[in-house]
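K.L.:
My structure file entry-v3.txt, compact mmCIF, C-alpha atoms, is below:
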# COMPACT_ATOMS: atom_id res chain seq x y z
CA MET K 296 7.15 56.18 -21.05
CA PHE K 297 9.68 54.07 -22.94
CA ALA K 298 9.27 50.44 -24.00
CA VAL K 299 12.39 48.41 -23.19
CA ASP K 300 13.08 44.69 -23.51
CA LEU K 301 15.34 44.00 -20.53
CA HIS K 302 16.44 40.45 -21.44
CA THR K 303 17.86 39.58 -24.87
CA HIS K 304 20.69 37.50 -26.31
CA THR K 305 22.68 38.21 -29.45
CA ARG K 306 23.07 34.63 -30.67
CA PHE K 307 20.85 31.65 -31.34
CA PHE K 308 22.83 29.17 -29.26
CA HIS K 309 24.47 28.65 -25.89
CA GLY K 310 28.09 27.68 -25.27
CA PHE K 311 31.27 29.74 -25.48
CA SER K 312 30.77 30.67 -21.82
CA SER K 313 31.93 34.08 -20.66
CA ARG K 314 33.19 35.30 -24.00
CA SER K 315 31.92 36.97 -27.13
CA THR K 316 31.71 35.40 -30.59
CA PRO K 317 31.97 36.89 -34.09
CA PHE K 318 28.21 36.46 -34.50
CA ASP K 319 27.32 38.77 -31.61
CA PRO K 320 27.50 42.06 -33.61
CA VAL K 321 25.24 40.51 -36.27
CA GLY K 322 22.81 39.33 -33.62
CA ALA K 323 22.72 42.78 -32.00
CA VAL K 324 21.84 44.44 -35.31
CA LEU K 325 19.08 41.89 -35.98
CA LEU K 326 17.63 42.25 -32.49
CA SER K 327 17.55 46.03 -32.66
CA ALA K 328 16.01 46.02 -36.14
CA VAL K 329 13.14 43.84 -34.90
CA ALA K 330 12.85 45.92 -31.73
CA ARG K 331 12.40 49.10 -33.76
CA HIS K 332 9.83 47.39 -36.00
CA ARG K 333 7.86 46.36 -32.90
CA GLY K 334 7.89 49.86 -31.45
CA LEU K 335 10.46 49.28 -28.72
CA ASP K 336 12.69 52.14 -27.69
CA GLY K 337 15.50 50.11 -26.14
CA LEU K 338 16.78 46.68 -25.29
CA ALA K 339 19.25 45.24 -22.84
CA LEU K 340 21.80 42.88 -24.36
CA THR K 341 22.22 40.33 -21.58
CA ASN K 342 24.38 37.48 -22.85
CA HIS K 343 25.24 34.61 -20.56
CA ASP K 344 28.16 35.52 -18.30
CA TYR K 345 29.79 38.14 -20.51
CA TYR K 346 29.23 41.70 -21.62
CA THR K 347 30.71 43.50 -24.62
CA PRO K 348 29.52 46.75 -26.26
CA LEU K 349 27.71 45.96 -29.51
CA PRO K 350 26.22 48.01 -32.37
CA VAL K 351 22.47 48.58 -32.69
CA VAL K 352 20.42 50.17 -35.46
CA GLY K 353 17.18 52.06 -36.01
CA GLY K 354 17.58 54.50 -33.17
CA VAL K 355 17.12 51.80 -30.53
CA THR K 356 18.96 52.46 -27.28
CA ALA K 357 21.21 49.63 -26.13
CA ILE K 358 21.23 49.09 -22.37
CA PRO K 359 24.40 47.28 -21.20
CA GLY K 360 23.78 44.05 -19.35
CA ILE K 361 24.77 40.51 -18.51
CA GLU K 362 22.89 37.40 -17.38
CA VAL K 363 24.92 36.03 -14.51
CA SER K 364 24.74 32.27 -13.86
CA SER K 365 24.85 32.35 -10.08
CA SER K 366 25.09 29.29 -7.85
CA ARG K 367 21.29 29.33 -7.49
CA GLY K 368 20.16 30.42 -10.94
CA HIS K 369 20.23 33.39 -13.28
CA VAL K 370 20.34 37.06 -12.31
CA LEU K 371 20.17 39.93 -14.80
CA VAL K 372 22.57 42.80 -14.17
CA VAL K 373 21.65 45.87 -16.25
CA GLY K 374 22.99 49.40 -16.13
CA PRO K 375 25.89 51.59 -17.17
CA ASP K 376 28.75 49.32 -16.06
CA PRO K 377 28.01 45.58 -15.89
CA PRO K 378 30.89 43.16 -15.32
CA VAL K 379 32.71 42.11 -18.46
CA ALA K 380 32.62 38.42 -17.56
CA THR K 381 31.50 36.12 -14.75
CA ARG K 382 32.24 32.48 -14.08
CA VAL K 383 29.33 30.04 -14.27
CA ASP K 384 28.22 29.14 -10.71
CA GLY K 385 31.08 31.28 -9.42
CA LEU K 386 28.96 33.72 -7.38
CA ALA K 387 26.16 33.31 -4.88
CA PRO K 388 23.11 35.52 -5.57
CA PRO K 389 23.92 38.04 -2.77
CA GLU K 390 27.39 38.44 -4.31
CA VAL K 391 25.83 39.13 -7.71
CA VAL K 392 23.60 41.79 -6.14
CA GLU K 393 26.57 43.39 -4.43
CA LEU K 394 28.54 43.34 -7.68
CA ALA K 395 25.64 44.95 -9.53
CA HIS K 396 25.17 47.70 -6.97
CA ASP K 397 28.90 48.42 -6.81
CA ARG K 398 28.69 49.09 -10.57
CA ASP K 399 25.53 51.23 -10.35
CA CYS K 400 23.48 48.49 -12.02
CA ALA K 401 20.14 46.89 -11.17
CA ALA K 402 20.00 43.23 -10.10
CA ILE K 403 16.91 41.41 -11.40
CA VAL K 404 15.77 37.87 -10.63
CA ALA K 405 15.42 36.21 -14.05
CA HIS K 406 12.71 33.59 -14.78
CA PRO K 407 12.27 32.75 -11.06
CA TYR K 408 10.26 29.58 -11.71
CA ARG K 409 12.50 28.02 -14.35
CA ASN K 410 15.61 26.12 -13.28
CA SER K 411 16.25 28.54 -10.42
CA THR K 412 16.03 28.88 -6.66
CA VAL K 413 17.21 32.49 -6.63
CA ARG K 414 13.67 33.47 -5.57
CA GLU K 415 14.32 31.81 -2.19
CA VAL K 416 17.42 33.88 -1.44
CA ASP K 417 17.32 36.79 0.99
CA ALA K 418 19.15 39.46 -1.00
CA ASP K 419 18.56 43.09 -1.96
CA PHE K 420 17.29 42.51 -5.51
CA ASP K 421 15.89 45.47 -7.41
CA ALA K 422 13.17 43.66 -9.40
CA ILE K 423 11.77 40.31 -10.48
CA GLU K 424 11.16 39.38 -14.10
CA VAL K 425 8.10 38.20 -15.97
CA ASN K 426 9.90 36.11 -18.58
CA GLY K 427 8.72 36.04 -22.18
CA LYS K 428 9.12 32.28 -22.47
CA HIS K 429 6.73 31.58 -19.59
CA PRO K 430 4.43 34.57 -18.94
CA ARG K 431 1.87 32.14 -17.46
CA THR K 432 3.89 32.59 -14.26
CA SER K 433 3.01 36.31 -14.13
CA GLU K 434 0.62 35.86 -11.20
CA TRP K 435 3.26 33.92 -9.29
CA VAL K 436 5.93 36.52 -10.06
CA ARG K 437 3.74 39.41 -8.94
CA ARG K 438 2.93 37.70 -5.67
CA LEU K 439 6.63 37.01 -5.13
CA ALA K 440 7.45 40.65 -5.91
CA ASP K 441 4.85 41.81 -3.38
CA GLU K 442 6.43 39.61 -0.72
CA HIS K 443 9.82 41.22 -1.40
CA ASP K 444 8.34 44.70 -1.94
CA ILE K 445 10.10 45.18 -5.29
CA PRO K 446 8.75 45.90 -8.79
CA VAL K 447 8.08 43.53 -11.67
CA VAL K 448 9.79 44.01 -15.04
CA GLY K 449 9.44 42.19 -18.35
CA GLY K 450 12.00 40.66 -20.67
CA SER K 451 11.63 38.47 -23.74
CA ASP K 452 14.65 36.23 -23.10
CA ALA K 453 15.03 36.33 -26.87
CA HIS K 454 17.66 34.15 -28.51
CA TYR K 455 16.09 34.66 -31.94
CA PRO K 456 15.18 38.11 -33.32
CA VAL K 457 11.53 37.11 -33.84
CA GLU K 458 11.21 36.71 -30.07
CA VAL K 459 12.13 40.31 -29.22
CA GLY K 460 9.39 42.19 -27.37
CA ARG K 461 7.18 39.24 -26.43
CA ALA K 462 7.62 40.57 -22.89
CA PHE K 463 8.99 44.03 -22.17
CA THR K 464 9.05 46.83 -19.62
CA ARG K 465 7.40 50.23 -19.69
CA VAL K 466 9.91 52.65 -18.16
CA GLU K 467 8.95 56.09 -16.91
CA ALA K 468 11.87 58.44 -17.52
CA ASP K 469 12.67 61.83 -19.04
CA ARG K 470 15.40 60.31 -21.22
CA LEU K 471 16.26 56.71 -22.02
CA THR K 472 19.73 55.97 -20.69
CA PRO K 473 21.24 53.08 -18.72
CA GLU K 474 21.23 55.30 -15.64
CA SER K 475 17.58 56.32 -16.05
CA VAL K 476 16.51 52.69 -16.49
CA VAL K 477 18.26 51.70 -13.24
CA ALA K 478 16.71 54.65 -11.40
CA ALA K 479 13.22 53.83 -12.72
CA ILE K 480 13.53 50.19 -11.64
CA ARG K 481 14.65 51.15 -8.14
CA ASP K 482 11.89 53.75 -7.82
CA GLY K 483 9.22 51.35 -9.08
CA ARG K 484 8.49 53.49 -12.15
CA VAL K 485 8.28 50.37 -14.34
CA GLU K 486 5.55 48.07 -15.58
CA ALA K 487 5.83 44.60 -17.14
CA ARG K 488 3.94 43.97 -20.37
CA VAL K 489 3.36 40.75 -22.34
CA ASP K 490 2.63 40.58 -26.09
CA ASP K 491 0.06 37.91 -27.00
CA TRP K 492 0.83 37.79 -30.73
CA LEU K 493 -0.08 34.30 -32.00
CA PRO K 494 3.49 33.24 -32.98
CA HIS K 495 4.65 34.19 -29.47
CA ARG K 496 1.92 32.03 -27.94
CA LEU K 497 2.90 29.07 -30.10
CA LEU K 498 6.57 29.42 -29.20
CA ARG K 499 5.66 29.56 -25.51
CA ARG K 500 3.94 26.20 -25.81
CA LEU K 501 7.08 24.77 -27.36
CA TYR K 502 9.31 26.22 -24.62
CA ARG K 503 6.98 24.92 -21.94
CA TYR K 504 7.19 21.41 -23.40
CA VAL K 505 10.99 21.53 -23.74
CA HIS K 506 11.59 22.89 -20.24
CA ALA K 507 9.09 20.47 -18.71
CA GLU K 508 10.92 17.58 -20.37
CA LYS K 509 14.15 18.88 -18.84
CA GLU K 510 12.38 19.18 -15.45
CA HIS K 511 13.32 22.86 -15.31
CA LEU K 512 9.86 24.18 -14.39
CA ASP K 513 8.80 24.84 -10.78
CA ARG K 514 5.62 25.94 -9.04
CA PRO K 515 5.31 28.05 -5.91
CA GLU K 516 4.45 26.07 -2.80
CA TRP K 517 1.11 27.88 -2.45
CA LYS K 518 0.07 26.54 -5.90
CA THR K 519 0.82 22.93 -4.94
CA PRO K 520 -2.29 21.00 -3.84
CA GLY K 521 -2.25 19.71 -0.28
CA VAL K 522 -2.12 16.05 0.60
CA GLY K 523 -4.78 14.26 2.60
CA ALA K 524 -8.44 14.78 3.29
CA PRO K 525 -9.81 18.35 3.44
CA PRO K 526 -10.57 19.76 6.89
CA GLY K 527 -13.82 18.37 8.35
CA GLU K 528 -13.77 15.27 6.13
CA ARG K 529 -11.50 13.07 8.21
In structure tokens, write the structure found in this file.

P.N.:
Amino acid sequence: MFAVDLHTHTRFFHGFSSRSTPFDPVGAVLLSAVARHRGLDGLALTNHDYYTPLPVVGGVTAIPGIEVSSSRGHVLVVGPDPPVATRVDGLAPPEVVELAHDRDCAAIVAHPYRNSTVREVDADFDAIEVNGKHPRTSEWVRRLADEHDIPVVGGSDAHYPVEVGRAFTRVEADRLTPESVVAAIRDGRVEARVDDWLPHRLLRRLYRYVHAEKEHLDRPEWKTPGVGAPPGER
């Protein structure tokens, strides 16, 4: 079993859509150094709407990837040959899935209950993510994954090195390669894990406050209380 963080970013900030920055190689080295310290074997570098090969250190395996901003929310594309760049809101989720599969990559629904309606789309996704910023949604994600009959994976969604590994994926494979990660996801030989280290818990509270203020957080319909008197009390 290998421990892999399937959702990381190599810079502390957004912007510069669909293109790399001079900071990205520095960010990749910092992420991989923390990953090795935390006992991770690999990480996927999934910057927003662009992919470029980047250096890693400490024997950590870099899994190519990209976080595609589809017309309905974010989709992770990880594997040996992700697209180099995608246009924000330029693809519908089924088109992202098709693009991923054409390139022998896995298509993963990212943070399905944060600023996204990708979870409502009928498409051939390979997995759904428990996101490190909001692991309280794990129960919701697992129920959603059961409905779609696909596995659950974990990713930290780290923009800062300290966040690496707060959620990750256990991958069953003989060797850790981009191809073996894709195969394990599709075969269901993966397991999402969440790290409850105190600093991670404190950061999650901060993210929950920030995203709630932005009205980016959703709840599944089955978690929303009904309206009106309970049956038998009318």

K.L.:
Record the distance separating CA of Leu325 in chain K and CA of Leu338 in chain K, expressed in Å with one decimal.

P.N.:
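That distance, rounded to one decimal, is 11.9 Å.
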
K.L.:
Kindly assemble as a tab-separated table a list of the range 297-406 of chain K residues that lie within 10 Å of range 434-448 of chain K, each paired with its nearest atom pair and their distance in Å to one decimal, using all atoms listed in the file, sorted first by chain and then by ascending residue number.

P.N.:
residue	atom	partner	partner_atom	distance
K:Val299	CA	K:Val448	CA	9.6
K:Asp300	CA	K:Val448	CA	9.1
K:Leu301	CA	K:Val448	CA	7.8
K:His302	CA	K:Val448	CA	9.9
K:Ile403	CA	K:Val448	CA	8.4
K:Val404	CA	K:Val447	CA	9.6
K:Ala405	CA	K:Val448	CA	9.7
K:His406	CA	K:Val436	CA	8.8

K.L.:
Using Å and a single decimal, report how far CA of His506 in chain K sits from CA of Asn410 in chain K.

P.N.:
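The value is 8.7 Å.
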
K.L.:
What is the distance between CA of Arg461 in chain K and CA of Phe307 in chain K, in Å to one decimal?

P.N.:
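One can read the CA of Arg461 in chain K to CA of Phe307 in chain K distance as 16.4 Å.
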
K.L.:
So which residues fall inside 6 Å of (28.8, 31.8, -5.7) if we count only C-alpha atoms? Mind giving them as a list in words?

P.N.:
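Checking each residue against the 6 Å limit leaves Ser365, Ser366, Asp384, Gly385, Leu386 and Ala387 of chain K.
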
K.L.:
Can you find the residues with an atom no farther than 9 Å from (12.9, 33.0, -22.4), counting all atoms listed in the file, and report them as a list of chain:residue names?

P.N.:
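The residues that fall inside the cut-off are K:His302, K:Thr303, K:His406, K:Asn426, K:Gly427, K:Lys428, K:His429, K:Gly450, K:Ser451, K:Asp452, K:Ala453, K:His454, K:Glu458, K:Arg499, K:Tyr502.
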
K.L.:
Fewer than 3 positions away in the same chain doesn't count, so skip those; otherwise give me all residues within 8 Å of Cys400 in chain K, counting only C-alpha atoms, as JSON, numbers by chain.

P.N.:
{"K": [372, 373, 374, 375, 376, 377, 395, 396, 397, 477]}

K.L.:
Could you write out that same residue set with C-alpha atoms as a tab-separated table (two decimals), keeping the file's coordinate frame?

P.N.:
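New file result-v4.tsv:
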chain	number	residue	atom	x	y	z
K	372	VAL	CA	22.57	42.80	-14.17
K	373	VAL	CA	21.65	45.87	-16.25
K	374	GLY	CA	22.99	49.40	-16.13
K	375	PRO	CA	25.89	51.59	-17.17
K	376	ASP	CA	28.75	49.32	-16.06
K	377	PRO	CA	28.01	45.58	-15.89
K	395	ALA	CA	25.64	44.95	-9.53
K	396	HIS	CA	25.17	47.70	-6.97
K	397	ASP	CA	28.90	48.42	-6.81
K	477	VAL	CA	18.26	51.70	-13.24

K.L.:
Quick one: residues within 10 Å of Pro388 in chain K, only C-alpha atoms counted, chain neighbours fewer than 6 positions away excluded, as an mmCIF file with C-alpha atoms, keeping the file's coordinate frame?

P.N.:
data_model
loop_
_atom_site.group_PDB
_atom_site.id
_atom_site.type_symbol
_atom_site.label_atom_id
_atom_site.label_comp_id
_atom_site.auth_asym_id
_atom_site.auth_seq_id
_atom_site.Cartn_x
_atom_site.Cartn_y
_atom_site.Cartn_z
ATOM 1 C CA VAL K 363 24.920 36.030 -14.510
ATOM 2 C CA SER K 364 24.740 32.270 -13.860
ATOM 3 C CA SER K 365 24.850 32.350 -10.080
ATOM 4 C CA SER K 366 25.090 29.290 -7.850
ATOM 5 C CA ARG K 367 21.290 29.330 -7.490
ATOM 6 C CA GLY K 368 20.160 30.420 -10.940
ATOM 7 C CA HIS K 369 20.230 33.390 -13.280
ATOM 8 C CA VAL K 370 20.340 37.060 -12.310
ATOM 9 C CA LEU K 394 28.540 43.340 -7.680
ATOM 10 C CA ALA K 402 20.000 43.230 -10.100
ATOM 11 C CA VAL K 404 15.770 37.870 -10.630
ATOM 12 C CA THR K 412 16.030 28.880 -6.660
ATOM 13 C CA VAL K 413 17.210 32.490 -6.630
ATOM 14 C CA ARG K 414 13.670 33.470 -5.570
ATOM 15 C CA VAL K 416 17.420 33.880 -1.440
ATOM 16 C CA ASP K 417 17.320 36.790 0.990
ATOM 17 C CA ALA K 418 19.150 39.460 -1.000
ATOM 18 C CA ASP K 419 18.560 43.090 -1.960
ATOM 19 C CA PHE K 420 17.290 42.510 -5.510
#

K.L.:
Of the candidates K:Val457, K:Glu516, K:Val476, K:Ala462, which shows the shortest atom-to-atom distance to Pro494 in chain K, using only C-alpha atoms?

P.N.:
K:Val457

K.L.:
Taking only C-alpha atoms into account, name the residue in K:Gly449, K:Pro350, K:Pro515, K:Gly360 that is nearest to Ala422 in chain K.

P.N.:
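When distances to Ala422 in chain K are compared using only C-alpha atoms, the smallest one comes from K:Gly449.
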
K.L.:
Looking at K:Val392, K:Phe297, K:Arg306, K:Arg382, which one is nearest to Val355 in chain K, with distances taken over all atoms listed in the file?

P.N.:
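Smallest separation from Val355 in chain K among the options: K:Phe297.
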
K.L.:
Set the distance at 9 Å and use all atoms listed in the file: which residues neighbour Arg314 in chain K once local chain neighbours fewer than 2 positions away are removed? I'd like the list as a ChimeraX atom specification.

P.N.:
/K:311-312,316,343-347,379-380

K.L.:
Looking at only C-alpha atoms, which of K:Ser327, K:Glu474, K:His332, K:Val383 is the one that sits closest to Arg398 in chain K?

P.N.:
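Of the candidates, the smallest distance to Arg398 in chain K is held by K:Glu474.
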